[in-house]
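Colleague: Provided below: input.pdb, containing PDB, C-alpha atoms, pLDDT in the B column.
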```
ATOM      1  CA  MET A  27     -70.009 -59.344  35.603  1.00 59.00           C
ATOM      2  CA  THR A  28     -67.915 -61.976  37.283  1.00 70.00           C
ATOM      3  CA  ASP A  29     -64.722 -60.658  38.765  1.00 86.00           C
ATOM      4  CA  TYR A  30     -61.646 -62.299  37.321  1.00 93.00           C
ATOM      5  CA  PRO A  31     -58.721 -61.094  39.390  1.00 96.00           C
ATOM      6  CA  TRP A  32     -55.292 -61.219  37.813  1.00 97.00           C
ATOM      7  CA  TYR A  33     -53.352 -62.010  40.948  1.00 98.00           C
ATOM      8  CA  ALA A  34     -53.566 -63.769  44.263  1.00 97.00           C
ATOM      9  CA  VAL A  35     -51.255 -63.798  47.244  1.00 97.00           C
ATOM     10  CA  VAL A  36     -49.672 -67.140  48.031  1.00 98.00           C
ATOM     11  CA  SER A  37     -46.966 -68.344  50.353  1.00 97.00           C
ATOM     12  CA  GLY A  38     -44.980 -71.448  51.081  1.00 97.00           C
ATOM     13  CA  ASP A  39     -42.921 -73.630  48.816  1.00 96.00           C
ATOM     14  CA  SER A  40     -45.649 -74.514  46.358  1.00 96.00           C
ATOM     15  CA  ILE A  41     -44.581 -73.326  42.908  1.00 98.00           C
ATOM     16  CA  GLU A  42     -46.906 -72.893  39.975  1.00 98.00           C
ATOM     17  CA  GLN A  43     -46.698 -71.460  36.514  1.00 98.00           C
ATOM     18  CA  GLY A  44     -47.269 -67.729  36.818  1.00 98.00           C
ATOM     19  CA  ASP A  45     -45.662 -67.326  40.246  1.00 98.00           C
ATOM     20  CA  VAL A  46     -43.736 -64.094  40.547  1.00 98.00           C
ATOM     21  CA  LEU A  47     -40.551 -64.166  42.583  1.00 98.00           C
ATOM     22  CA  ARG A  48     -39.183 -60.733  43.234  1.00 96.00           C
ATOM     23  CA  HIS A  49     -35.518 -60.057  43.967  1.00 96.00           C
ATOM     24  CA  CYS A  50     -34.474 -63.522  42.921  1.00 97.00           C
ATOM     25  CA  ALA A  51     -30.780 -63.966  42.182  1.00 96.00           C
ATOM     26  CA  VAL A  52     -29.890 -65.633  38.911  1.00 96.00           C
ATOM     27  CA  PHE A  53     -26.377 -66.775  38.145  1.00 94.00           C
ATOM     28  CA  LEU A  54     -24.494 -66.169  34.956  1.00 92.00           C
ATOM     29  CA  PRO A  55     -21.433 -68.327  34.291  1.00 90.00           C
ATOM     30  CA  PRO A  56     -18.558 -66.491  32.640  1.00 89.00           C
ATOM     31  CA  SER A  57     -17.811 -67.091  29.015  1.00 87.00           C
ATOM     32  CA  GLY A  58     -14.846 -69.302  28.354  1.00 81.00           C
ATOM     33  CA  LEU A  59     -15.746 -71.637  31.189  1.00 78.00           C
ATOM     34  CA  LEU A  60     -15.184 -74.917  29.437  1.00 72.00           C
ATOM     35  CA  VAL A  61     -16.010 -77.631  31.874  1.00 65.00           C
ATOM     36  CA  GLY A  62     -14.816 -80.890  30.474  1.00 64.00           C
ATOM     37  CA  LYS A  63     -12.412 -83.721  30.789  1.00 60.00           C
ATOM     38  CA  ALA A  64      -9.398 -81.453  30.476  1.00 62.00           C
ATOM     39  CA  LEU A  65     -10.208 -79.565  33.653  1.00 63.00           C
ATOM     40  CA  PRO A  66      -9.296 -80.633  37.169  1.00 67.00           C
ATOM     41  CA  GLU A  67     -11.725 -82.352  39.476  1.00 69.00           C
ATOM     42  CA  ASP A  68     -12.390 -79.132  41.317  1.00 73.00           C
ATOM     43  CA  LEU A  69     -12.514 -75.786  39.625  1.00 81.00           C
ATOM     44  CA  THR A  70     -13.007 -72.374  41.158  1.00 87.00           C
ATOM     45  CA  ALA A  71     -14.642 -69.727  39.015  1.00 88.00           C
ATOM     46  CA  GLU A  72     -16.288 -66.392  39.389  1.00 92.00           C
ATOM     47  CA  PHE A  73     -19.948 -66.212  38.464  1.00 92.00           C
ATOM     48  CA  GLU A  74     -21.896 -63.048  38.011  1.00 94.00           C
ATOM     49  CA  TRP A  75     -25.156 -62.880  39.879  1.00 95.00           C
ATOM     50  CA  VAL A  76     -27.875 -60.390  39.295  1.00 95.00           C
ATOM     51  CA  GLU A  77     -31.171 -59.792  40.935  1.00 96.00           C
ATOM     52  CA  ARG A  78     -34.273 -60.251  38.831  1.00 96.00           C
ATOM     53  CA  ASP A  79     -37.989 -60.271  39.284  1.00 97.00           C
ATOM     54  CA  VAL A  80     -38.799 -63.567  37.630  1.00 98.00           C
ATOM     55  CA  LEU A  81     -41.936 -65.388  36.636  1.00 98.00           C
ATOM     56  CA  VAL A  82     -42.284 -69.172  36.545  1.00 98.00           C
ATOM     57  CA  LEU A  83     -42.859 -70.524  33.047  1.00 98.00           C
ATOM     58  CA  SER A  84     -42.617 -74.230  33.807  1.00 98.00           C
ATOM     59  CA  GLN A  85     -45.923 -76.042  33.768  1.00 97.00           C
ATOM     60  CA  THR A  86     -47.626 -76.353  37.133  1.00 97.00           C
ATOM     61  CA  CYS A  87     -48.176 -80.077  36.622  1.00 96.00           C
ATOM     62  CA  ASP A  88     -44.410 -80.526  36.323  1.00 96.00           C
ATOM     63  CA  LEU A  89     -43.836 -78.815  39.651  1.00 97.00           C
ATOM     64  CA  VAL A  90     -46.085 -80.780  42.006  1.00 96.00           C
ATOM     65  CA  LYS A  91     -44.095 -81.318  45.161  1.00 96.00           C
ATOM     66  CA  GLY A  92     -42.875 -84.875  45.457  1.00 93.00           C
ATOM     67  CA  ARG A  93     -43.934 -85.633  41.898  1.00 92.00           C
ATOM     68  CA  GLU A  94     -41.777 -83.191  39.986  1.00 93.00           C
ATOM     69  CA  LYS A  95     -41.301 -83.900  36.308  1.00 92.00           C
ATOM     70  CA  VAL A  96     -38.491 -81.407  35.960  1.00 93.00           C
ATOM     71  CA  THR A  97     -35.298 -80.788  37.868  1.00 94.00           C
ATOM     72  CA  GLU A  98     -35.003 -77.106  36.970  1.00 96.00           C
ATOM     73  CA  VAL A  99     -37.619 -74.382  36.903  1.00 98.00           C
ATOM     74  CA  LEU A 100     -37.825 -72.233  33.812  1.00 98.00           C
ATOM     75  CA  LEU A 101     -38.062 -68.566  34.694  1.00 98.00           C
ATOM     76  CA  CYS A 102     -38.143 -65.337  32.754  1.00 97.00           C
ATOM     77  CA  ALA A 103     -37.570 -61.732  33.676  1.00 97.00           C
ATOM     78  CA  VAL A 104     -40.377 -59.318  34.495  1.00 97.00           C
ATOM     79  CA  TRP A 105     -39.765 -55.603  34.180  1.00 96.00           C
ATOM     80  CA  ALA A 106     -41.779 -52.688  35.393  1.00 94.00           C
ATOM     81  CA  CYS A 107     -42.757 -50.689  32.344  1.00 90.00           C
ATOM     82  CA  ALA A 108     -41.174 -47.613  33.879  1.00 88.00           C
ATOM     83  CA  GLU A 109     -37.729 -49.197  33.824  1.00 90.00           C
ATOM     84  CA  VAL A 110     -37.540 -50.455  30.253  1.00 91.00           C
ATOM     85  CA  GLY A 111     -36.066 -48.389  27.461  1.00 87.00           C
ATOM     86  CA  GLY A 112     -36.265 -48.306  23.703  1.00 88.00           C
ATOM     87  CA  HIS A 113     -39.504 -48.809  21.830  1.00 89.00           C
ATOM     88  CA  LEU A 114     -41.223 -50.175  24.915  1.00 90.00           C
ATOM     89  CA  ALA A 115     -40.674 -46.893  26.702  1.00 90.00           C
ATOM     90  CA  THR A 116     -42.986 -45.145  24.234  1.00 92.00           C
ATOM     91  CA  PRO A 117     -46.792 -45.187  24.273  1.00 94.00           C
ATOM     92  CA  LYS A 118     -46.696 -46.791  20.798  1.00 93.00           C
ATOM     93  CA  GLY A 119     -44.403 -49.516  22.087  1.00 93.00           C
ATOM     94  CA  MET A 120     -46.604 -50.144  25.081  1.00 94.00           C
ATOM     95  CA  GLU A 121     -49.652 -50.369  22.866  1.00 95.00           C
ATOM     96  CA  ASP A 122     -47.818 -52.729  20.523  1.00 94.00           C
ATOM     97  CA  ALA A 123     -46.966 -54.921  23.496  1.00 94.00           C
ATOM     98  CA  ARG A 124     -50.504 -54.785  24.810  1.00 95.00           C
ATOM     99  CA  ARG A 125     -51.860 -55.917  21.456  1.00 94.00           C
ATOM    100  CA  GLY A 126     -49.398 -58.771  21.282  1.00 93.00           C
ATOM    101  CA  ASN A 127     -47.581 -57.281  18.311  1.00 94.00           C
ATOM    102  CA  LEU A 128     -44.231 -57.655  20.065  1.00 94.00           C
ATOM    103  CA  PRO A 129     -44.135 -61.412  20.599  1.00 94.00           C
ATOM    104  CA  ALA A 130     -41.002 -61.247  22.740  1.00 95.00           C
ATOM    105  CA  TYR A 131     -42.998 -59.563  25.493  1.00 96.00           C
ATOM    106  CA  HIS A 132     -46.171 -60.201  27.367  1.00 97.00           C
ATOM    107  CA  MET A 133     -47.895 -57.447  29.241  1.00 97.00           C
ATOM    108  CA  LEU A 134     -49.252 -57.941  32.740  1.00 98.00           C
ATOM    109  CA  ALA A 135     -51.925 -55.774  34.292  1.00 97.00           C
ATOM    110  CA  PRO A 136     -51.197 -53.547  37.262  1.00 97.00           C
ATOM    111  CA  CYS A 137     -51.378 -55.298  40.595  1.00 96.00           C
ATOM    112  CA  LYS A 138     -53.765 -53.758  43.097  1.00 94.00           C
ATOM    113  CA  VAL A 139     -53.273 -56.317  45.832  1.00 95.00           C
ATOM    114  CA  ALA A 140     -52.489 -54.513  49.092  1.00 95.00           C
ATOM    115  CA  GLY A 141     -48.800 -54.661  49.818  1.00 94.00           C
ATOM    116  CA  PHE A 142     -47.958 -55.788  46.293  1.00 95.00           C
ATOM    117  CA  GLU A 143     -49.064 -52.797  44.262  1.00 96.00           C
ATOM    118  CA  SER A 144     -47.337 -52.440  40.925  1.00 95.00           C
ATOM    119  CA  GLU A 145     -47.862 -50.716  37.631  1.00 95.00           C
ATOM    120  CA  VAL A 146     -48.132 -52.442  34.285  1.00 96.00           C
ATOM    121  CA  SER A 147     -45.227 -54.796  33.738  1.00 96.00           C
ATOM    122  CA  VAL A 148     -43.822 -56.773  30.854  1.00 96.00           C
ATOM    123  CA  VAL A 149     -42.575 -60.337  30.817  1.00 97.00           C
ATOM    124  CA  ASP A 150     -39.385 -60.579  28.777  1.00 96.00           C
ATOM    125  CA  PHE A 151     -39.253 -63.884  26.905  1.00 96.00           C
ATOM    126  CA  ARG A 152     -35.764 -63.101  25.640  1.00 94.00           C
ATOM    127  CA  ARG A 153     -34.320 -63.334  29.137  1.00 95.00           C
ATOM    128  CA  VAL A 154     -34.941 -66.793  30.496  1.00 97.00           C
ATOM    129  CA  TYR A 155     -33.174 -68.570  33.319  1.00 97.00           C
ATOM    130  CA  SER A 156     -33.335 -71.900  35.023  1.00 97.00           C
ATOM    131  CA  LEU A 157     -32.770 -72.705  38.657  1.00 98.00           C
ATOM    132  CA  PRO A 158     -33.008 -76.020  40.475  1.00 97.00           C
ATOM    133  CA  VAL A 159     -36.489 -76.839  41.760  1.00 97.00           C
ATOM    134  CA  GLY A 160     -35.264 -77.221  45.325  1.00 97.00           C
ATOM    135  CA  HIS A 161     -33.573 -73.848  45.225  1.00 97.00           C
ATOM    136  CA  VAL A 162     -36.703 -72.159  43.910  1.00 98.00           C
ATOM    137  CA  ARG A 163     -38.851 -73.839  46.568  1.00 98.00           C
ATOM    138  CA  GLU A 164     -36.531 -72.630  49.306  1.00 98.00           C
ATOM    139  CA  PHE A 165     -36.494 -69.136  47.899  1.00 98.00           C
ATOM    140  CA  ALA A 166     -40.282 -69.069  47.513  1.00 98.00           C
ATOM    141  CA  SER A 167     -40.700 -70.217  51.083  1.00 97.00           C
ATOM    142  CA  PHE A 168     -38.116 -67.718  52.295  1.00 97.00           C
ATOM    143  CA  VAL A 169     -39.761 -64.666  50.754  1.00 96.00           C
ATOM    144  CA  GLY A 170     -43.103 -65.328  52.448  1.00 96.00           C
ATOM    145  CA  ASP A 171     -46.145 -63.846  50.773  1.00 97.00           C
ATOM    146  CA  ARG A 172     -45.837 -63.387  47.039  1.00 97.00           C
ATOM    147  CA  ILE A 173     -47.944 -62.870  43.960  1.00 97.00           C
ATOM    148  CA  ARG A 174     -49.325 -65.542  41.657  1.00 98.00           C
ATOM    149  CA  LEU A 175     -50.798 -64.859  38.233  1.00 98.00           C
ATOM    150  CA  LEU A 176     -54.232 -66.458  38.032  1.00 97.00           C
ATOM    151  CA  PRO A 177     -56.110 -68.220  35.213  1.00 96.00           C
ATOM    152  CA  PRO A 178     -56.949 -67.388  32.486  1.00 96.00           C
ATOM    153  CA  TYR A 179     -54.161 -64.774  32.437  1.00 97.00           C
ATOM    154  CA  ARG A 180     -51.651 -67.455  33.316  1.00 98.00           C
ATOM    155  CA  GLU A 181     -52.625 -69.572  30.331  1.00 97.00           C
ATOM    156  CA  HIS A 182     -52.590 -66.481  28.149  1.00 97.00           C
ATOM    157  CA  LEU A 183     -49.009 -65.885  29.244  1.00 98.00           C
ATOM    158  CA  ALA A 184     -48.048 -69.507  28.556  1.00 97.00           C
ATOM    159  CA  GLN A 185     -49.596 -69.272  25.106  1.00 97.00           C
ATOM    160  CA  ALA A 186     -47.648 -66.093  24.393  1.00 97.00           C
ATOM    161  CA  PHE A 187     -44.402 -67.762  25.429  1.00 97.00           C
ATOM    162  CA  ALA A 188     -45.150 -70.788  23.252  1.00 97.00           C
ATOM    163  CA  ARG A 189     -45.949 -68.522  20.346  1.00 95.00           C
ATOM    164  CA  PHE A 190     -42.661 -66.679  20.721  1.00 95.00           C
ATOM    165  CA  TYR A 191     -40.628 -69.814  21.223  1.00 94.00           C
ATOM    166  CA  MET A 192     -42.071 -71.731  18.306  1.00 94.00           C
ATOM    167  CA  ARG A 193     -41.581 -68.929  15.817  1.00 91.00           C
ATOM    168  CA  VAL A 194     -40.303 -69.869  12.389  1.00 90.00           C
ATOM    169  CA  GLY A 195     -38.600 -67.475  10.030  1.00 86.00           C
ATOM    170  CA  LEU A 196     -39.173 -68.356   6.403  1.00 88.00           C
ATOM    171  CA  PRO A 197     -36.168 -67.965   4.090  1.00 91.00           C
ATOM    172  CA  ILE A 198     -38.474 -67.186   1.182  1.00 91.00           C
ATOM    173  CA  ASP A 199     -41.747 -65.551   1.997  1.00 88.00           C
ATOM    174  CA  ILE A 200     -44.755 -65.135  -0.284  1.00 90.00           C
ATOM    175  CA  PRO A 201     -44.742 -61.588  -1.665  1.00 89.00           C
ATOM    176  CA  SER A 202     -47.303 -59.154  -0.398  1.00 85.00           C
ATOM    177  CA  PHE A 203     -50.486 -58.693  -2.423  1.00 88.00           C
ATOM    178  CA  ILE A 204     -50.816 -55.023  -1.598  1.00 83.00           C
TER     179      ILE A 204
ATOM    180  CA  MET B  20     -35.687 -70.538  -5.269  1.00 57.00           C
ATOM    181  CA  GLU B  21     -37.307 -67.172  -5.288  1.00 64.00           C
ATOM    182  CA  VAL B  22     -41.068 -66.897  -5.580  1.00 58.00           C
ATOM    183  CA  ARG B  23     -42.114 -64.224  -8.045  1.00 64.00           C
ATOM    184  CA  SER B  24     -45.275 -62.314  -7.392  1.00 56.00           C
ATOM    185  CA  ASP B  25     -46.725 -63.375 -10.776  1.00 59.00           C
ATOM    186  CA  GLN B  26     -46.471 -66.993  -9.620  1.00 59.00           C
ATOM    187  CA  VAL B  27     -48.837 -66.343  -6.760  1.00 55.00           C
ATOM    188  CA  ARG B  28     -52.500 -65.851  -7.504  1.00 52.00           C
ATOM    189  CA  PRO B  29     -53.931 -63.068  -5.355  1.00 51.00           C
ATOM    190  CA  CYS B  30     -56.844 -63.966  -3.144  1.00 52.00           C
ATOM    191  CA  PRO B  31     -60.007 -63.145  -5.144  1.00 52.00           C
ATOM    192  CA  HIS B  32     -61.771 -61.638  -2.146  1.00 55.00           C
ATOM    193  CA  VAL B  33     -59.107 -59.021  -1.627  1.00 50.00           C
ATOM    194  CA  LYS B  34     -60.298 -55.809  -3.239  1.00 52.00           C
ATOM    195  CA  SER B  35     -57.896 -53.276  -4.544  1.00 49.00           C
ATOM    196  CA  SER B  36     -59.769 -50.683  -2.539  1.00 50.00           C
ATOM    197  CA  ASP B  37     -59.037 -52.463   0.720  1.00 48.00           C
ATOM    198  CA  SER B  38     -56.863 -50.283   2.828  1.00 46.00           C
ATOM    199  CA  PRO B  39     -53.427 -51.726   3.254  1.00 47.00           C
ATOM    200  CA  ALA B  40     -53.082 -53.016   6.760  1.00 48.00           C
ATOM    201  CA  GLY B  41     -49.753 -51.286   6.940  1.00 48.00           C
ATOM    202  CA  GLN B  42     -46.840 -51.747   4.635  1.00 44.00           C
ATOM    203  CA  ASP B  43     -44.848 -53.208   7.475  1.00 54.00           C
ATOM    204  CA  ASP B  44     -45.629 -56.408   9.247  1.00 71.00           C
ATOM    205  CA  VAL B  45     -47.827 -55.890  12.238  1.00 86.00           C
ATOM    206  CA  LEU B  46     -45.704 -58.191  14.347  1.00 89.00           C
ATOM    207  CA  ASP B  47     -42.203 -57.225  15.285  1.00 89.00           C
ATOM    208  CA  TRP B  48     -40.499 -60.443  16.237  1.00 87.00           C
ATOM    209  CA  ASP B  49     -37.067 -58.911  16.656  1.00 87.00           C
ATOM    210  CA  ASN B  50     -37.752 -56.173  19.144  1.00 87.00           C
ATOM    211  CA  LEU B  51     -35.667 -56.517  22.256  1.00 85.00           C
ATOM    212  CA  ILE B  52     -34.616 -54.673  25.356  1.00 86.00           C
ATOM    213  CA  PRO B  53     -30.930 -54.351  24.503  1.00 81.00           C
ATOM    214  CA  VAL B  54     -29.732 -53.590  27.999  1.00 85.00           C
ATOM    215  CA  ALA B  55     -31.437 -55.048  31.026  1.00 88.00           C
ATOM    216  CA  PRO B  56     -32.540 -52.420  33.520  1.00 89.00           C
ATOM    217  CA  ALA B  57     -30.041 -52.029  36.343  1.00 90.00           C
ATOM    218  CA  ARG B  58     -30.607 -54.246  39.333  1.00 91.00           C
ATOM    219  CA  PRO B  59     -28.431 -55.240  42.266  1.00 93.00           C
ATOM    220  CA  GLY B  60     -25.808 -57.757  41.340  1.00 95.00           C
ATOM    221  CA  GLY B  61     -22.264 -58.804  41.920  1.00 95.00           C
ATOM    222  CA  ARG B  62     -19.838 -61.630  41.564  1.00 94.00           C
ATOM    223  CA  ILE B  63     -19.461 -64.774  43.576  1.00 93.00           C
ATOM    224  CA  GLN B  64     -16.710 -67.303  43.771  1.00 93.00           C
ATOM    225  CA  VAL B  65     -18.018 -70.767  43.072  1.00 90.00           C
ATOM    226  CA  ARG B  66     -16.325 -74.082  43.303  1.00 88.00           C
ATOM    227  CA  LEU B  67     -17.391 -76.470  40.610  1.00 83.00           C
ATOM    228  CA  ASN B  68     -17.240 -80.054  41.715  1.00 79.00           C
ATOM    229  CA  ARG B  69     -17.093 -82.608  38.992  1.00 76.00           C
ATOM    230  CA  SER B  70     -20.034 -84.920  39.246  1.00 77.00           C
ATOM    231  CA  ARG B  71     -21.135 -87.876  37.268  1.00 77.00           C
ATOM    232  CA  ARG B  72     -22.894 -87.310  34.008  1.00 76.00           C
ATOM    233  CA  ASP B  73     -26.508 -86.505  34.719  1.00 78.00           C
ATOM    234  CA  GLN B  74     -29.101 -89.140  34.039  1.00 81.00           C
ATOM    235  CA  PRO B  75     -32.528 -88.625  32.508  1.00 79.00           C
ATOM    236  CA  LEU B  76     -35.499 -88.761  34.804  1.00 80.00           C
ATOM    237  CA  PRO B  77     -37.055 -92.232  34.760  1.00 80.00           C
ATOM    238  CA  ALA B  78     -39.868 -92.384  32.267  1.00 82.00           C
ATOM    239  CA  GLU B  79     -43.113 -93.611  33.736  1.00 80.00           C
ATOM    240  CA  ASP B  80     -45.643 -95.766  31.993  1.00 86.00           C
ATOM    241  CA  PRO B  81     -48.746 -93.573  32.115  1.00 81.00           C
ATOM    242  CA  TRP B  82     -50.955 -96.588  31.347  1.00 90.00           C
ATOM    243  CA  ALA B  83     -49.576 -98.756  34.125  1.00 87.00           C
ATOM    244  CA  LYS B  84     -52.103 -99.547  36.857  1.00 75.00           C
TER     245      LYS B  84
END
```
Would you give me this structure, written as structure tokens?
Modeller:
Amino acid sequence: MTDYPWYAVVSGDSIEQGDVLRHCAVFLPPSGLLVGKALPEDLTAEFEWVERDVLVLSQTCDLVKGREKVTEVLLCAVWACAEVGGHLATPKGMEDARRGNLPAYHMLAPCKVAGFESEVSVVDFRRVYSLPVGHVREFASFVGDRIRLLPPYREHLAQAFARFYMRVGLPIDIPSFI
Amino acid sequence: MEVRSDQVRPCPHVKSSDSPAGQDDVLDWDNLIPVAPARPGGRIQVRLNRSRRDQPLPAEDPWAK
């Protein structure tokens, strides 16, 4: 049977959908920060920053260097299964996530690549961030070797995100037949 | 408007002996990790410089030669 590895090691400032950037700082503006005409030209504020392992959700074709179609990269948090709580911390929750029954999450296989070993992890579609493309390129280049999710797992992830994002809640559903 | 169950014709191929696939929906759309796992973080002072209103990226003509 053909081997279809989940991950590959990459380096440099090339960014693709499925790239994992560990220990990446994301910035959270404070609430009440109303930037508008009423504020002075220069404003000093305090932003919270927090470290995240993030995964690139933006389409690879939008991130081609020199021909970018976006100015910010869409990222979402990745958690090791051991560190999440609640339903996901239970075997039932993990199985639900594996089956795709929890659309807010997408499960990633353990990584066996030497130097990048990790257990099963979950991508958290409820925690998304954006950072400027240039900033992400610099960070990706700075960290050196890193992990990239490979096809078809990458497309599977993108499909899961699309499925979660395009969800529609019906105000009146058709009653169950059973 | 509420849809009553007698207004909906059950699928004829569904037998009453079919085991219910669970009374609850299989998908749980609302599940969330309420508190993000602890990671290093902090606060930074930032200076926000007013810039001009951002402009959209120029749209290309994909059919242009």
Colleague: Run the ChimeraX specification (/B :<7) & /A on the file and write out the hits as a list in words.
Modeller: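 Applied to this file, the ChimeraX specification (/B :<7) & /A selects Glu67, Asp68, Leu69, Thr70, Ala71, Glu72, Phe73, Glu74, Trp75, Val76, Glu77, Glu109, Val110, Gly111, Gly112, Asn127, Leu128, Pro129, Ala130, Ile198, Ile200, Pro201, Phe203 and Ile204 of chain A.
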Colleague: What does the structure give for the distance between atom CA of Asp88 of chain A and atom CA of Leu157 of chain A, in Å to one decimal?
Modeller: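 Distance reported for this atom pair: 14.2 Å.
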Colleague: Once the PyMOL selection byres ((chain A and resi 50) around 10) has been applied to the shown file, what residues remain in the selection, as a PyMOL selection string?
Modeller: chain A and resi 46-49+51-53+75-81+103+162+165-166+169
Colleague: Hey, what's within 12 Å of Ala188 of chain A if we count all atoms listed in the file and toss same-chain stuff fewer than 2 positions away? As a PyMOL selection string, please?
Modeller: chain A and resi 83-85+129-132+151+181-186+190-194
Colleague: Export C-alpha atoms of the chosen residues as a PDB file, keeping the file's coordinate frame?
Modeller:
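Listed below is the output, out.pdb:
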```
ATOM      1  CA  LEU A  83     -42.859 -70.524  33.047  1.00 98.00           C
ATOM      2  CA  SER A  84     -42.617 -74.230  33.807  1.00 98.00           C
ATOM      3  CA  GLN A  85     -45.923 -76.042  33.768  1.00 97.00           C
ATOM      4  CA  PRO A 129     -44.135 -61.412  20.599  1.00 94.00           C
ATOM      5  CA  ALA A 130     -41.002 -61.247  22.740  1.00 95.00           C
ATOM      6  CA  TYR A 131     -42.998 -59.563  25.493  1.00 96.00           C
ATOM      7  CA  HIS A 132     -46.171 -60.201  27.367  1.00 97.00           C
ATOM      8  CA  PHE A 151     -39.253 -63.884  26.905  1.00 96.00           C
ATOM      9  CA  GLU A 181     -52.625 -69.572  30.331  1.00 97.00           C
ATOM     10  CA  HIS A 182     -52.590 -66.481  28.149  1.00 97.00           C
ATOM     11  CA  LEU A 183     -49.009 -65.885  29.244  1.00 98.00           C
ATOM     12  CA  ALA A 184     -48.048 -69.507  28.556  1.00 97.00           C
ATOM     13  CA  GLN A 185     -49.596 -69.272  25.106  1.00 97.00           C
ATOM     14  CA  ALA A 186     -47.648 -66.093  24.393  1.00 97.00           C
ATOM     15  CA  PHE A 190     -42.661 -66.679  20.721  1.00 95.00           C
ATOM     16  CA  TYR A 191     -40.628 -69.814  21.223  1.00 94.00           C
ATOM     17  CA  MET A 192     -42.071 -71.731  18.306  1.00 94.00           C
ATOM     18  CA  ARG A 193     -41.581 -68.929  15.817  1.00 91.00           C
ATOM     19  CA  VAL A 194     -40.303 -69.869  12.389  1.00 90.00           C
TER      20      VAL A 194
END
```
Colleague: Rounded to one decimal in Å, what is the spacing between atom CA of Arg174 of chain A and atom CA of Val36 of chain A?
Modeller: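 Computing the Euclidean distance for atom CA of Arg174 of chain A and atom CA of Val36 of chain A yields 6.6 Å.
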Colleague: So that all listed atoms of segment 66-82 of chain B fit with 4 Å spare on each side, what axis-aligned box centre and edge lengths in Å, to one decimal, would you give as JSON?
Modeller:
```
{"center_x": -33.6, "center_y": -85.3, "center_z": 37.3, "size_x": 42.6, "size_y": 30.5, "size_z": 20.0}
```
Colleague: Record the distance separating atom CA of Gly195 of chain A and atom CA of Leu134 of chain A, expressed in Å with one decimal.
Modeller: 26.8 Å
Colleague: What does the PyMOL selection byres ((chain A and resi 89) around 10) select in this file, as a list in words?
Modeller: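 Applying the expression gives Ser40, Ile41, Glu42, Gln43, Ser84, Gln85, Thr86, Cys87, Asp88, Val90, Lys91, Gly92, Arg93, Glu94, Lys95, Val96, Thr97, Glu98, Val99, Val159 and Arg163 of chain A.
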Colleague: Mind writing the picked residues with C-alpha atoms as an mmCIF file, keeping the file's coordinate frame?
Modeller:
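Written output follows (part23.cif):
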```cif
data_model
loop_
_atom_site.group_PDB
_atom_site.id
_atom_site.type_symbol
_atom_site.label_atom_id
_atom_site.label_comp_id
_atom_site.auth_asym_id
_atom_site.auth_seq_id
_atom_site.Cartn_x
_atom_site.Cartn_y
_atom_site.Cartn_z
ATOM 1 C CA SER A 40 -45.649 -74.514 46.358
ATOM 2 C CA ILE A 41 -44.581 -73.326 42.908
ATOM 3 C CA GLU A 42 -46.906 -72.893 39.975
ATOM 4 C CA GLN A 43 -46.698 -71.460 36.514
ATOM 5 C CA SER A 84 -42.617 -74.230 33.807
ATOM 6 C CA GLN A 85 -45.923 -76.042 33.768
ATOM 7 C CA THR A 86 -47.626 -76.353 37.133
ATOM 8 C CA CYS A 87 -48.176 -80.077 36.622
ATOM 9 C CA ASP A 88 -44.410 -80.526 36.323
ATOM 10 C CA VAL A 90 -46.085 -80.780 42.006
ATOM 11 C CA LYS A 91 -44.095 -81.318 45.161
ATOM 12 C CA GLY A 92 -42.875 -84.875 45.457
ATOM 13 C CA ARG A 93 -43.934 -85.633 41.898
ATOM 14 C CA GLU A 94 -41.777 -83.191 39.986
ATOM 15 C CA LYS A 95 -41.301 -83.900 36.308
ATOM 16 C CA VAL A 96 -38.491 -81.407 35.960
ATOM 17 C CA THR A 97 -35.298 -80.788 37.868
ATOM 18 C CA GLU A 98 -35.003 -77.106 36.970
ATOM 19 C CA VAL A 99 -37.619 -74.382 36.903
ATOM 20 C CA VAL A 159 -36.489 -76.839 41.760
ATOM 21 C CA ARG A 163 -38.851 -73.839 46.568
#
```
Colleague: Using only C-alpha atoms for the distances, tell me which of A:Val139, A:Ala106, A:Val154, A:Ala115 is nearest to Trp32 of chain A.
Modeller: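 So, comparing all the options, the nearest one is A:Val139.
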Colleague: Go through A:Leu196, A:Ile173, A:Ala123, A:Val149 one by one, measure the shortest atom-to-atom distance of each to Leu101 of chain A using all atoms listed in the file, and give the residue with the smallest value.
Modeller: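 Of all the options, A:Val149 lies closest to Leu101 of chain A.
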